[in-house]
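Working notes for the structure below.
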Amino acid sequence: MKHRQQYQGVIDRYAAYLPVSNKTPIVTLQEGNTPLLRADFLSRLAGTHCEVYLKYEGLNPTGSFKDRGMTLAISKAKEEGAKAVMCASTGNTSASAAAYSVKAGLKCIVLIPKGAIALGKLSQALIHGAVVLAVDGNFDDALSRAREITDTHPITLVNSLNPYRIEGQKTASFEICDCLGDAPDFQVMPVGNAGNITAYWKGYKEYARQGKTSVLPKMLGFQAEGAAPIVKGRPVKDPQTIATAIRIGNPASWKQAEAARDESGGLIDMVSDSQIIEAYKLLAQKEGVFAEPASAASVAGLLKLAKKGYFKKQAKKAKKIKIVCILTGHGLKDPDRAIKCIEEPKVVKPNSKAILGAIGY
Ligand SMILES: *Cc1c(COP(=O)(O)O)cnc(C)c1O
C-alpha cells in the first residue's frame with residue numbers, strides 16, 4: 001500500500017499561494033484542514049432553499065483560526081532573523097503567538113486588556129511561557145502600545161496588521177472551496193479587528209482569479225451590538241459584549257472590511273448579546289458543536305437574516321444556496337460562559353433510587 005504523506009499544515013499545502021520560498025523555515029503545528037460540517041438543523045431553520053455549513057475553526061491546534069495566520073507570521077519572523085514577537089490580544093492571538101513562538105524558539109510578549117479575556121486563552125499564553133502583561137485599558141489601547149513599541153524596537157508585531165497573518169488566514173477560504181468544489185454563495189462570520197474578513201475575501205478573489213472557482217460569495221459580517229463601529233460608522237470608545245474576541249471599538253482593518261462587504265455585495269450588521277447566547281446554545285444543543293460566543297455571532301447573524309427573508313430573496317431557481325458560517329474558536333476557551341447560561345447539575349444522594357427518580361424512571 002502506498003504510504004500517504006502526512007498532512008503538514010497550511011503553508012505546505014498552499015505554498016503556491018503564499019509568500020514563502022524554500023529558504024523559509026516552516027514553523028507549523030499542523031494547523032488548518034478543519035472540518036466543514038453540514039448543519040442539518042440550521043439548514044432547516046434557514047429555509048428549504050438553503051444548505052448551511054459550519055467551518056469549525058475551533059479545531060485548530062490552539063483552538064482558533066489565528067493559527068493559520070500565526071504559522072506564516074512566525075515562519076517569516078524566523079526567516080527574517082527576529083528574536084522576539086509581540087501582540088495585543090483579546091485572547092486567541094496571544095494563545096497562538098505563544099504556542100508558535102515556542103515552536104520557533106522566539107520570545108513572545110503579549111498585551112491583554114486587563115480582566116477582559118477568557119480564562120482558557122489566558123491559561124494558554126501563560127503555560128506556553130509568554131510574557132503576559134495585562135494593560136489597564138481596552139484592546140484598542142493595547143494594540144496602539146504594541147504598534148508604538150514594535151515600530152521603534154527590534155520586536156516583530158504579529159497582530160493582523162502583519163500582512164503575513166492575512167496571507168495565512170486566507171487559506172481557510174481555499175479549504176472551503178476545495179471542499180465544496182466551488183465557492184459558497186454566502187459566507188457569514190464575526191467581525192472584530194476585521195483581519196479575518198479581509199483574509200477570506202482575499203482568498204476567494206485569488207482562487208477565482210486562478211480559475212479554481214466560478215463564483216464569489218457575498219460576505220456577511222457580524223459585530224456585537226455593543227462593539228459595532230463599522231455598522232455605526234464611527235469608533236466605539238468603550239466596547240461592551242460578552243463575546244470578548246470581538247470586543248473591539250476601532251478595527252485595524254476597517255477599510256478592508258468595508259471593501260470586502262462592498263465588492264462582494266454583502267453586508268456588515270450587528271447582533272445582540274442575547275442573540276449571540278441563543279445561537280451559542282443552539283449550536284451546542286442542535287448541531288453538537290461547541291464554539292465560543294464570538295463564533296456564535298455568525299450563526300446569530302444567519303438567523304437574523306433568515307428571519308427577515310434575506311436568503312429567500314436571493315434564492316436561485318433550481319439550486320440550493322450554500323451558506324458557510326465560520327466558527328472562529330472553540331467553546332472550551334470560555335467554559336465560564338457555558339456554565340453561566342445553563343442550569344447547574346442537580347445534586348443527588350449516592351443511590352440508584354435517587355438517580356432514577358431525578359431522571360424520571
Ligand atoms: C480574533 C477572533 C475573531 C475576530 O476576528 P478579526 O480578524 O479580529 O475580525 C472572532 N472570533 C474569534 C474566536 C477570534 O479569536
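Residues are named by chain letter and number: chains run A, B, ... in the order of the C-alpha cells, numbers start at 1 in each chain, and ligands are numbered from 1 in the order shown.
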
Output as a ChimeraX atom specification all residues of stretch 74-321 of chain A that backbone DSSP marks as strand (DSSP E). /A:84-88,107-113,131-135,156-157,186-190,218-224,267-271,321

Would you save the residues of that selection, restricted to N, CA and C atoms, as an mmCIF file, in the first residue's frame?
data_model
loop_
_atom_site.group_PDB
_atom_site.id
_atom_site.type_symbol
_atom_site.label_atom_id
_atom_site.label_comp_id
_atom_site.auth_asym_id
_atom_site.auth_seq_id
_atom_site.Cartn_x
_atom_site.Cartn_y
_atom_site.Cartn_z
ATOM 1 N N ALA A 84 12.245 38.235 18.845
ATOM 2 C CA ALA A 84 11.075 38.387 19.716
ATOM 3 C C ALA A 84 9.869 38.864 18.912
ATOM 4 N N VAL A 85 8.676 38.471 19.359
ATOM 5 C CA VAL A 85 7.436 38.941 18.743
ATOM 6 C C VAL A 85 6.521 39.511 19.825
ATOM 7 N N MET A 86 5.614 40.383 19.386
ATOM 8 C CA MET A 86 4.665 40.977 20.330
ATOM 9 C C MET A 86 3.289 41.052 19.688
ATOM 10 N N CYS A 87 2.251 40.924 20.504
ATOM 11 C CA CYS A 87 0.896 41.174 20.003
ATOM 12 C C CYS A 87 0.037 41.754 21.118
ATOM 13 N N ALA A 88 -0.986 42.491 20.701
ATOM 14 C CA ALA A 88 -2.085 42.837 21.599
ATOM 15 C C ALA A 88 -3.158 41.815 21.296
ATOM 16 N N LYS A 107 11.094 34.680 21.592
ATOM 17 C CA LYS A 107 10.473 35.243 22.788
ATOM 18 C C LYS A 107 9.117 35.849 22.380
ATOM 19 N N CYS A 108 8.127 35.687 23.235
ATOM 20 C CA CYS A 108 6.777 36.183 22.905
ATOM 21 C C CYS A 108 6.259 37.068 24.028
ATOM 22 N N ILE A 109 5.838 38.280 23.653
ATOM 23 C CA ILE A 109 5.292 39.210 24.641
ATOM 24 C C ILE A 109 3.853 39.521 24.229
ATOM 25 N N VAL A 110 2.915 39.385 25.147
ATOM 26 C CA VAL A 110 1.529 39.686 24.799
ATOM 27 C C VAL A 110 0.925 40.724 25.737
ATOM 28 N N LEU A 111 0.180 41.637 25.132
ATOM 29 C CA LEU A 111 -0.529 42.665 25.890
ATOM 30 C C LEU A 111 -2.016 42.346 25.824
ATOM 31 N N ILE A 112 -2.611 42.112 26.985
ATOM 32 C CA ILE A 112 -4.041 41.809 27.005
ATOM 33 C C ILE A 112 -4.779 42.906 27.764
ATOM 34 N N PRO A 113 -6.027 43.167 27.372
ATOM 35 C CA PRO A 113 -6.813 44.129 28.152
ATOM 36 C C PRO A 113 -7.118 43.529 29.517
ATOM 37 N N VAL A 131 5.522 36.203 27.914
ATOM 38 C CA VAL A 131 5.481 37.281 28.896
ATOM 39 C C VAL A 131 4.120 37.949 28.726
ATOM 40 N N VAL A 132 3.269 37.813 29.711
ATOM 41 C CA VAL A 132 1.901 38.321 29.599
ATOM 42 C C VAL A 132 1.743 39.568 30.466
ATOM 43 N N LEU A 133 1.380 40.681 29.828
ATOM 44 C CA LEU A 133 1.150 41.909 30.574
ATOM 45 C C LEU A 133 -0.305 42.328 30.401
ATOM 46 N N ALA A 134 -0.987 42.539 31.511
ATOM 47 C CA ALA A 134 -2.372 42.994 31.465
ATOM 48 C C ALA A 134 -2.374 44.521 31.464
ATOM 49 N N VAL A 135 -2.778 45.108 30.349
ATOM 50 C CA VAL A 135 -2.789 46.562 30.217
ATOM 51 C C VAL A 135 -4.076 47.099 30.830
ATOM 52 N N THR A 156 8.967 41.951 16.441
ATOM 53 C CA THR A 156 8.034 41.848 15.309
ATOM 54 C C THR A 156 6.590 41.828 15.806
ATOM 55 N N LEU A 157 5.757 42.677 15.225
ATOM 56 C CA LEU A 157 4.330 42.709 15.569
ATOM 57 C C LEU A 157 3.628 41.533 14.872
ATOM 58 N N PHE A 186 -22.809 32.389 0.063
ATOM 59 C CA PHE A 186 -22.708 33.351 1.164
ATOM 60 C C PHE A 186 -21.724 32.839 2.198
ATOM 61 N N GLN A 187 -21.001 33.783 2.797
ATOM 62 C CA GLN A 187 -20.216 33.426 3.968
ATOM 63 C C GLN A 187 -20.589 34.359 5.109
ATOM 64 N N VAL A 188 -20.895 33.766 6.265
ATOM 65 C CA VAL A 188 -21.284 34.553 7.438
ATOM 66 C C VAL A 188 -20.187 34.427 8.488
ATOM 67 N N MET A 189 -19.753 35.552 9.064
ATOM 68 C CA MET A 189 -18.649 35.481 10.027
ATOM 69 C C MET A 189 -18.669 36.633 11.016
ATOM 70 N N PRO A 190 -18.063 36.413 12.198
ATOM 71 C CA PRO A 190 -17.937 37.516 13.146
ATOM 72 C C PRO A 190 -16.856 38.494 12.681
ATOM 73 N N LYS A 218 -21.026 36.280 -1.287
ATOM 74 C CA LYS A 218 -21.335 37.550 -0.640
ATOM 75 C C LYS A 218 -20.831 37.431 0.803
ATOM 76 N N MET A 219 -20.104 38.442 1.246
ATOM 77 C CA MET A 219 -19.510 38.398 2.590
ATOM 78 C C MET A 219 -20.463 39.072 3.580
ATOM 79 N N LEU A 220 -20.903 38.312 4.578
ATOM 80 C CA LEU A 220 -21.834 38.818 5.582
ATOM 81 C C LEU A 220 -21.140 38.823 6.941
ATOM 82 N N GLY A 221 -20.787 40.027 7.401
ATOM 83 C CA GLY A 221 -20.044 40.140 8.655
ATOM 84 C C GLY A 221 -20.953 40.588 9.787
ATOM 85 N N PHE A 222 -20.694 40.076 11.007
ATOM 86 C CA PHE A 222 -21.500 40.479 12.166
ATOM 87 C C PHE A 222 -20.642 40.937 13.325
ATOM 88 N N GLN A 223 -20.974 42.128 13.816
ATOM 89 C CA GLN A 223 -20.361 42.654 15.022
ATOM 90 C C GLN A 223 -21.359 42.514 16.169
ATOM 91 N N ALA A 224 -20.844 42.623 17.404
ATOM 92 C CA ALA A 224 -21.734 42.612 18.566
ATOM 93 C C ALA A 224 -22.292 44.025 18.739
ATOM 94 N N LEU A 267 -22.888 42.486 3.376
ATOM 95 C CA LEU A 267 -23.275 43.469 4.389
ATOM 96 C C LEU A 267 -22.504 43.245 5.687
ATOM 97 N N ILE A 268 -22.443 44.282 6.510
ATOM 98 C CA ILE A 268 -21.942 44.129 7.880
ATOM 99 C C ILE A 268 -23.022 44.671 8.807
ATOM 100 N N ASP A 269 -23.492 43.805 9.680
ATOM 101 C CA ASP A 269 -24.615 44.136 10.552
ATOM 102 C C ASP A 269 -24.226 43.744 11.985
ATOM 103 N N MET A 270 -25.163 43.865 12.914
ATOM 104 C CA MET A 270 -24.827 43.528 14.299
ATOM 105 C C MET A 270 -25.883 42.630 14.925
ATOM 106 N N VAL A 271 -25.468 41.922 15.978
ATOM 107 C CA VAL A 271 -26.372 41.065 16.754
ATOM 108 C C VAL A 271 -26.174 41.370 18.237
ATOM 109 N N ILE A 321 -29.020 27.301 -2.227
ATOM 110 C CA ILE A 321 -27.906 28.215 -1.994
ATOM 111 C C ILE A 321 -27.060 27.710 -0.826
#

Nearby polymer residues, ligand 1, at most 8 Å, only C-alpha atoms and all ligand atoms, as a PyMOL selection string: chain A and resi 58+64-66+90-93+160+189-198+245-246+251+292-295+327-330

Coordinates-based distance that separates atom CA of A:Ile276 from atom CA of A:Ile166 (Å, one decimal): 25.8 Å

Considering only alpha helix (DSSP H) as DSSP defines it on the backbone, what residues of stretch 44-191 of chain A qualify? List them as an MDAnalysis selection string. chainID A and resid 44:46 66:79 92:104 119:127 139:152 163:169 171:180

Name all residues at most 8 Å from A:Asp273 (count only C-alpha atoms; drop same-chain ones fewer than 3 positions away) and give them as a PyMOL selection string. chain A and resi 224-225+241-243+276-277

What are the nearest atom pairs, with distances in Å to one decimal, for all residues of stretch 107-182 of chain A that come at most 10 Å from stretch 39-56 of chain A, using only C-alpha atoms, set out by chain and rising residue number as JSON lines?
{"residue": "A:Ala172", "atom": "CA", "partner": "A:Lys55", "partner_atom": "CA", "distance": 8.6}
{"residue": "A:Ser173", "atom": "CA", "partner": "A:Lys55", "partner_atom": "CA", "distance": 9.7}
{"residue": "A:Glu175", "atom": "CA", "partner": "A:Lys55", "partner_atom": "CA", "distance": 9.4}
{"residue": "A:Ile176", "atom": "CA", "partner": "A:Lys55", "partner_atom": "CA", "distance": 7.8}
{"residue": "A:Leu180", "atom": "CA", "partner": "A:Tyr53", "partner_atom": "CA", "distance": 9.9}

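Pairwise distance (atom CA of A:Ala99, atom CA of A:Pro25) equals 16.2 Å.
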
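Counting only C-alpha atoms, the residue from A:Val158, A:Ala183, A:Val289, A:Val299 that sits nearest to A:Pro35 is A:Val289.
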
Nearest to A:Glu80 among A:Lys23, A:Arg68, A:Lys103, A:Lys319, with distances taken over only C-alpha atoms: which residue is it? A:Lys23

Near A:Pro61, within 9 Å and counting only C-alpha atoms, which residues show up once chain neighbours fewer than 4 positions away are dropped, as a PDB file with N, CA and C atoms, in the first residue's frame?
ATOM      1  N   LEU A  29       2.223  23.791  13.534  1.00  0.00           N
ATOM      2  CA  LEU A  29       1.663  22.822  14.487  1.00  0.00           C
ATOM      3  C   LEU A  29       0.556  22.037  13.767  1.00  0.00           C
ATOM      4  N   GLN A  30       0.668  21.988  12.437  1.00  0.00           N
ATOM      5  CA  GLN A  30      -0.310  21.312  11.570  1.00  0.00           C
ATOM      6  C   GLN A  30      -1.709  21.904  11.693  1.00  0.00           C
ATOM      7  N   GLU A  31      -1.739  23.223  11.682  1.00  0.00           N
ATOM      8  CA  GLU A  31      -2.996  23.965  11.677  1.00  0.00           C
ATOM      9  C   GLU A  31      -3.748  23.757  10.351  1.00  0.00           C
ATOM     10  N   GLY A  32      -5.014  24.175  10.354  1.00  0.00           N
ATOM     11  CA  GLY A  32      -5.818  24.093   9.133  1.00  0.00           C
ATOM     12  C   GLY A  32      -6.432  22.719   8.933  1.00  0.00           C
ATOM     13  N   ASP A  67      -4.290  30.436  14.297  1.00  0.00           N
ATOM     14  CA  ASP A  67      -3.136  29.590  13.973  1.00  0.00           C
ATOM     15  C   ASP A  67      -2.761  29.638  12.489  1.00  0.00           C
ATOM     16  N   SER A  96      -2.137  31.705  20.358  1.00  0.00           N
ATOM     17  CA  SER A  96      -1.497  31.196  19.148  1.00  0.00           C
ATOM     18  C   SER A  96      -0.054  31.681  19.048  1.00  0.00           C
TER      19      SER A  96
END

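In this model, the gap between atom CA of A:Lys237 and atom CA of A:Asp334 comes to 24.5 Å.
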